[in-house]
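Novice: Before anything else, here's the structure in question.
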Amino acid sequence: MNFMGYKRPDGKAGIRNKVLILPTCVCSSETCRIVAEQVEGAIYVSNQAGCSEVEQNLKICYDMYSGFAANPNIYATVLIGLGCEGCTPDKMAEEITKKTNKPLEVVVIQDEGGTVNAINKAVKAARKFVQDASLVKKEEIPLSELFIGLECGGSDATSGLAANPVVGKVSDMVVDNGGSAVMSETTEFIGAEHILAKRAATPEIKKQIIGICKSLEEHLANVNQNLRTGQPTPGNKEGGISTIEEKSLGCIYKGGTRPIMEVLDYAQIPTKKGALIMDTPGFDVASVTAMVAGGCQLVIFTTGRGTPTGNVIAPVIKVTGNSKTYAKMSDNIDFDASVVLTGEKTIEQRGEELFEEMLEVANGKVTKAEAFGFNECSMQRICKFI
Amino acid sequence: MYKKALVLKPEDTVATVVEDVKIDDEVKVVKAGEEVLIKALEDIPAYHKIALKDMEKGENVIKYGQIIGAMTQSAKSGNWISHKNIMSLPRNYDDEL
C-alpha cells in the first residue's frame with residue numbers, strides 16, 4: 001500500500017512540503033513570525049524559551065526544535081537566532097544537521113545588525129527554499145514510511161468506548177503495513193500500565209513502560225503534587241470519567257494491540273519501527289508537538305469534549321465518539337466514531353474507514369484544524385527558568 | 001421502552017449508559033450474553049456509569065474488566081457511579097516490574 005509523498009534527501013518522505021522558519025529562542029520568535037508572513041509556503045513555530053534554562057530544559061529545546069526541522073513534512077529550514085541566547089544557533093544548527101541533510105540557512109539577528117536586516121536575509125532564503133520546494137514532485141511512497149502520532153485530549157467516557165478503539169484499529173493497520181504509530185502521554189498510562197507492559201516486545205521495554213509511570217509520579221511528589229489532583233480534569237469528570245485509572249484504560253486503546261518496540265524520551269526520533277511509546281506529559285499540546293518533533297507526518301487526535309488543537313507541521317485529524325460533540329463542534333472535528341456506540345458499525349469497520357480518511361489526508365486532503373492554520377506549540381519543562 | 005447501557009467485560013460492576021437516564025427508568029444491559037434490567041435509582045447523564053450491583057464502601061469498581069478505583073461510600077444497584085463516590089487507588093509499580 002502506498003501514499004503520495006515528497007521524498008527527502010535524508011531518505012524520509014513527507015506528506016506536506018513546507019519551509020520552516022525556526023527560532024532558537026523567544027527573542028527571535030517574533031522575527032520568525034514576520035518572516036513566515038512574508039513568504040507563501042513558509043511556516044513558523046513559536047518558541048517561548050531557549051534561554052536562561054537549566055541543562056535539562058535546554059536539551060529538550062534542542063531536541064524539539066531540531067526535530068521540527070528534521071520532520072519529513074519540512075523541505076528546508078531557515079533558523080533564526082538572536083546571538084547571545086543559551087540555546088545557541090551554532091549548536092541548534094549542529095543538532096539539525098545530525099538529524100537531517102535537508103537545506104538549512106542560519107540567520108543571527110545580532111550579526112546582521114538588527115531585525116530589519118535579519119528579516120531581509122531570512123525572507124530571501126525562505127523565498128528561494130519555497131521555489132526549490134515547489135519543484136519536488138509527489139511520488140508513490142510505501143506505507144512503511146508513514147509515521148503517525150496518536151493523541152487524545154478533552155476525553156470523555158465515549159473516548160475509551162468508541163474513538164480510541166477505532167484509532168487503535170488504524171494504529172494496528174499502519175503497523176501491519178510496516179509503518180509506525182506512537183502513543184504518548186505517560187500520565188494517561190497510569191492505571192493501565194500493567195496492560196501496556198504486556199505488549200512490550202522485550203523485558204527491557206516492559207521495565208521502561210512501568211519505569212516512566214513510576215518516575216512521573218515521583219517527579220510530581222517531589223514538588224508536593226499528587227497527579228490525581230489534576231487528573232482526571234473537571235471536563236473529563238463531567239464527561240463520565242471518574243478516576244485516572246478509568247481514563248488511562250480508555251486512553252491506551254488508541255495505541256492498538258501490536259508489540260511495543262521502543263520507549264522514546266520526549267521529542268526523540270525513533271530508531272525502531274512499529275508500535276512505539278513516547279514519554280510525554282498528559283498535556284495534549286505539549287504531547288502533539290513532541291511527537292511531531294519525533295518525526296510524525298500526521299497525528300490522529302481523539303476528543304470527547306471537543307478541542308480545536310492543530311499543528312502547523314503535521315496535519316491533525318480530529319476524531320470523536322460523542323455524537324453531540326460532533327454535531328456541536330463540526331468545524332473542529334473531522335471524523336465521527338459514535339456509530340460504534342449505537343451498534344450501527346463495528347470498531348473494525350469504522351477503523352477501516354478512518355484508515356481511508358487518514359490515507360486521504362496523507363495524500364493531501366486538508367484537515368479542519370489545518371484549514372484554520374492552527375499553530376499551537378508547547379514544550380515540556382523540567383524546572384524553573386534560571 | 002428501555003434505556004441502553006454498555007457492559008464491556010462480564011466481570012464489570014458498572015455499565016456506561018449511552019443516553020440520558022431518568023430516575024425509575026429501566027436500563028437494559030447485556031452481561032455475559034444475558035440481558036439484565038436495572039432500575040435507575042437517580043438521574044444519570046449520558047456516558048456516565050450505573051452500578052450493576054450493590055457495592056460496599058472500599059469495594060473495587062470494575063470496568064473494562066479492570067479496577068478503575070474504589071467506592072468512597074456504599075451504593076445500590078442502579079445508583080450513579082461517578083467521581084463523587086469512587087476514588088483512584090495508588091499503584092504499586094515495584095510489584096509490576
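In the C-alpha cells, each chain is lettered A, B, ... as it comes, each chain's residues begin at 1, and ligands are numbered from 1 in order of appearance.
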Each residue of chain A with at least one atom at most 7 Å from chain B should appear once, together with its nearest atom pair and the corresponding distance in Å (one decimal); atoms considered: only C-alpha atoms; ordering: chain, then increasing residue number; output as JSON lines.

Specialist:
{"residue": "A:Ala157", "atom": "CA", "partner": "B:Tyr47", "partner_atom": "CA", "distance": 5.6}
{"residue": "A:Thr158", "atom": "CA", "partner": "B:Tyr47", "partner_atom": "CA", "distance": 6.5}
{"residue": "A:His194", "atom": "CA", "partner": "B:Glu96", "partner_atom": "CA", "distance": 6.8}
{"residue": "A:Lys207", "atom": "CA", "partner": "B:Leu97", "partner_atom": "CA", "distance": 6.0}
{"residue": "A:Ile210", "atom": "CA", "partner": "B:Tyr93", "partner_atom": "CA", "distance": 6.4}
{"residue": "A:Lys214", "atom": "CA", "partner": "B:Tyr93", "partner_atom": "CA", "distance": 6.3}
{"residue": "A:Lys237", "atom": "CA", "partner": "B:His83", "partner_atom": "CA", "distance": 6.5}
{"residue": "A:Gly239", "atom": "CA", "partner": "B:Tyr47", "partner_atom": "CA", "distance": 6.9}
{"residue": "A:Gly240", "atom": "CA", "partner": "B:His48", "partner_atom": "CA", "distance": 4.4}
{"residue": "A:Ser242", "atom": "CA", "partner": "B:His83", "partner_atom": "CA", "distance": 4.2}
{"residue": "A:Thr243", "atom": "CA", "partner": "B:Ser88", "partner_atom": "CA", "distance": 5.2}
{"residue": "A:Ile244", "atom": "CA", "partner": "B:Ser88", "partner_atom": "CA", "distance": 6.5}
{"residue": "A:Glu245", "atom": "CA", "partner": "B:Ile68", "partner_atom": "CA", "distance": 4.9}
{"residue": "A:Glu246", "atom": "CA", "partner": "B:Ile68", "partner_atom": "CA", "distance": 4.9}

Novice: Next, dump the selected residues to file, keeping only C-alpha atoms, as a tab-separated table (two decimals), in the first residue's frame.

Specialist:
chain	number	residue	atom	x	y	z
A	157	ALA	CA	-16.32	8.31	28.53
A	158	THR	CA	-17.01	7.88	24.80
A	194	HIS	CA	0.22	-3.19	33.58
A	207	LYS	CA	10.63	-2.13	32.61
A	210	ILE	CA	6.47	0.80	34.22
A	214	LYS	CA	6.77	5.49	38.41
A	237	LYS	CA	-15.29	14.08	35.17
A	239	GLY	CA	-17.94	13.61	30.70
A	240	GLY	CA	-18.18	10.47	32.84
A	242	SER	CA	-14.15	9.33	37.35
A	243	THR	CA	-10.53	8.28	38.04
A	244	ILE	CA	-7.13	8.31	36.32
A	245	GLU	CA	-7.35	4.50	36.05
A	246	GLU	CA	-10.61	4.75	34.10

Novice: Can you list, as a PDB file with N, CA and C atoms, in the first residue's frame, every residue of chain B that DSSP puts in alpha helix (DSSP H)?

Specialist:
ATOM      1  N   TYR B  93       4.156   0.021  41.586  1.00  0.00           N
ATOM      2  CA  TYR B  93       4.960  -0.236  40.383  1.00  0.00           C
ATOM      3  C   TYR B  93       6.004  -1.323  40.603  1.00  0.00           C
ATOM      4  N   ASP B  94       6.578  -1.352  41.819  1.00  0.00           N
ATOM      5  CA  ASP B  94       7.663  -2.315  42.057  1.00  0.00           C
ATOM      6  C   ASP B  94       7.174  -3.762  41.892  1.00  0.00           C
ATOM      7  N   ASP B  95       5.921  -4.000  42.281  1.00  0.00           N
ATOM      8  CA  ASP B  95       5.366  -5.346  42.105  1.00  0.00           C
ATOM      9  C   ASP B  95       5.119  -5.680  40.642  1.00  0.00           C
ATOM     10  N   GLU B  96       4.937  -4.629  39.814  1.00  0.00           N
ATOM     11  CA  GLU B  96       4.644  -4.880  38.395  1.00  0.00           C
ATOM     12  C   GLU B  96       5.901  -5.177  37.599  1.00  0.00           C
TER      13      GLU B  96
END

Novice: So which residues of stretch 162-228 of chain A fall under strand (DSSP E or B) by DSSP, listed as a PyMOL selection string?

Specialist: chain A and resi 180-183+200

Novice: List the neighbours of B:Val14 out to 6 Å using only C-alpha atoms; skip same-chain residues closer than 5 positions along the sequence, and give me the result as a PyMOL selection string.

Specialist: chain B and resi 49-52

Novice: Could you please take those selected residues and save N, CA and C atoms as a PDB file, in the first residue's frame?

Specialist:
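This went into again-v9.pdb:
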ATOM      1  N   LYS B  49     -21.719   6.245  34.486  1.00  0.00           N
ATOM      2  CA  LYS B  49     -21.788   4.839  34.905  1.00  0.00           C
ATOM      3  C   LYS B  49     -22.977   4.570  35.833  1.00  0.00           C
ATOM      4  N   ILE B  50     -23.555   3.385  35.665  1.00  0.00           N
ATOM      5  CA  ILE B  50     -24.612   2.913  36.556  1.00  0.00           C
ATOM      6  C   ILE B  50     -24.101   1.654  37.257  1.00  0.00           C
ATOM      7  N   ALA B  51     -24.372   1.549  38.570  1.00  0.00           N
ATOM      8  CA  ALA B  51     -23.931   0.356  39.325  1.00  0.00           C
ATOM      9  C   ALA B  51     -24.762  -0.849  38.908  1.00  0.00           C
ATOM     10  N   LEU B  52     -24.073  -1.969  38.680  1.00  0.00           N
ATOM     11  CA  LEU B  52     -24.768  -3.204  38.282  1.00  0.00           C
ATOM     12  C   LEU B  52     -25.050  -4.096  39.483  1.00  0.00           C
TER      13      LEU B  52
END

Novice: When you draw a straight line from atom CA of A:Val123 to atom CA of A:Asn47, how long is it in Å?

Specialist: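 Atom-to-atom, atom CA of A:Val123 to atom CA of A:Asn47, that is 19.0 Å.
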
Novice: Can you tell me, as a PyMOL selection string, what residues are no more than 8 Å from stretch 20-23 of chain A when counting only C-alpha atoms, ignoring any on the same chain fewer than 5 positions away?

Specialist: chain A and resi 28-29+32-33+35-36+42-47+65+69+74-81+126

Novice: Write the residues of the preceding selection, restricted to N, CA and C atoms, as a tab-separated table (two decimals), in the first residue's frame.

Specialist:
chain	number	residue	atom	x	y	z
A	28	SER	N	14.00	35.54	19.15
A	28	SER	CA	13.94	35.53	17.69
A	28	SER	C	12.59	35.01	17.17
A	29	SER	N	11.71	34.68	18.11
A	29	SER	CA	10.44	34.05	17.75
A	29	SER	C	9.56	35.00	16.91
A	32	CYS	N	10.75	35.41	13.41
A	32	CYS	CA	10.35	34.26	12.58
A	32	CYS	C	8.92	34.41	12.09
A	33	ARG	N	8.06	34.90	12.98
A	33	ARG	CA	6.66	35.08	12.58
A	33	ARG	C	6.57	36.07	11.40
A	35	VAL	N	8.86	36.86	9.22
A	35	VAL	CA	9.45	36.26	8.00
A	35	VAL	C	8.44	35.31	7.36
A	36	ALA	N	7.83	34.46	8.17
A	36	ALA	CA	6.88	33.48	7.62
A	36	ALA	C	5.69	34.18	6.97
A	42	ALA	N	5.80	29.28	3.59
A	42	ALA	CA	6.66	29.19	4.77
A	42	ALA	C	5.79	29.18	6.03
A	43	ILE	N	6.23	28.45	7.03
A	43	ILE	CA	5.52	28.41	8.31
A	43	ILE	C	6.52	28.70	9.42
A	44	TYR	N	6.03	29.03	10.61
A	44	TYR	CA	6.94	29.17	11.74
A	44	TYR	C	6.31	28.52	12.96
A	45	VAL	N	7.15	28.12	13.89
A	45	VAL	CA	6.65	27.70	15.20
A	45	VAL	C	7.20	28.69	16.23
A	46	SER	N	6.41	28.99	17.24
A	46	SER	CA	6.89	29.92	18.26
A	46	SER	C	7.82	29.19	19.22
A	47	ASN	N	8.63	29.97	19.93
A	47	ASN	CA	9.48	29.41	20.97
A	47	ASN	C	9.36	30.32	22.19
A	65	TYR	N	13.27	21.49	18.77
A	65	TYR	CA	13.32	22.39	17.62
A	65	TYR	C	14.14	21.80	16.47
A	69	ALA	N	12.76	20.70	12.46
A	69	ALA	CA	13.45	20.90	11.18
A	69	ALA	C	13.62	19.57	10.45
A	74	ILE	N	8.87	18.93	6.27
A	74	ILE	CA	9.61	20.17	6.05
A	74	ILE	C	10.63	19.96	4.92
A	75	TYR	N	10.59	20.86	3.94
A	75	TYR	CA	11.55	20.80	2.83
A	75	TYR	C	12.89	21.37	3.26
A	76	ALA	N	12.86	22.54	3.90
A	76	ALA	CA	14.10	23.22	4.31
A	76	ALA	C	13.79	24.13	5.49
A	77	THR	N	14.84	24.57	6.17
A	77	THR	CA	14.65	25.39	7.38
A	77	THR	C	15.51	26.65	7.32
A	78	VAL	N	14.89	27.77	7.71
A	78	VAL	CA	15.67	28.99	8.00
A	78	VAL	C	15.67	29.15	9.52
A	79	LEU	N	16.84	28.95	10.12
A	79	LEU	CA	16.98	29.04	11.57
A	79	LEU	C	17.35	30.47	11.93
A	80	ILE	N	16.58	31.09	12.80
A	80	ILE	CA	16.89	32.47	13.21
A	80	ILE	C	17.19	32.51	14.70
A	81	GLY	N	18.40	33.00	15.03
A	81	GLY	CA	18.78	33.15	16.43
A	81	GLY	C	19.00	34.60	16.75
A	126	ALA	N	14.17	32.14	2.54
A	126	ALA	CA	12.89	31.41	2.58
A	126	ALA	C	12.23	31.38	1.20
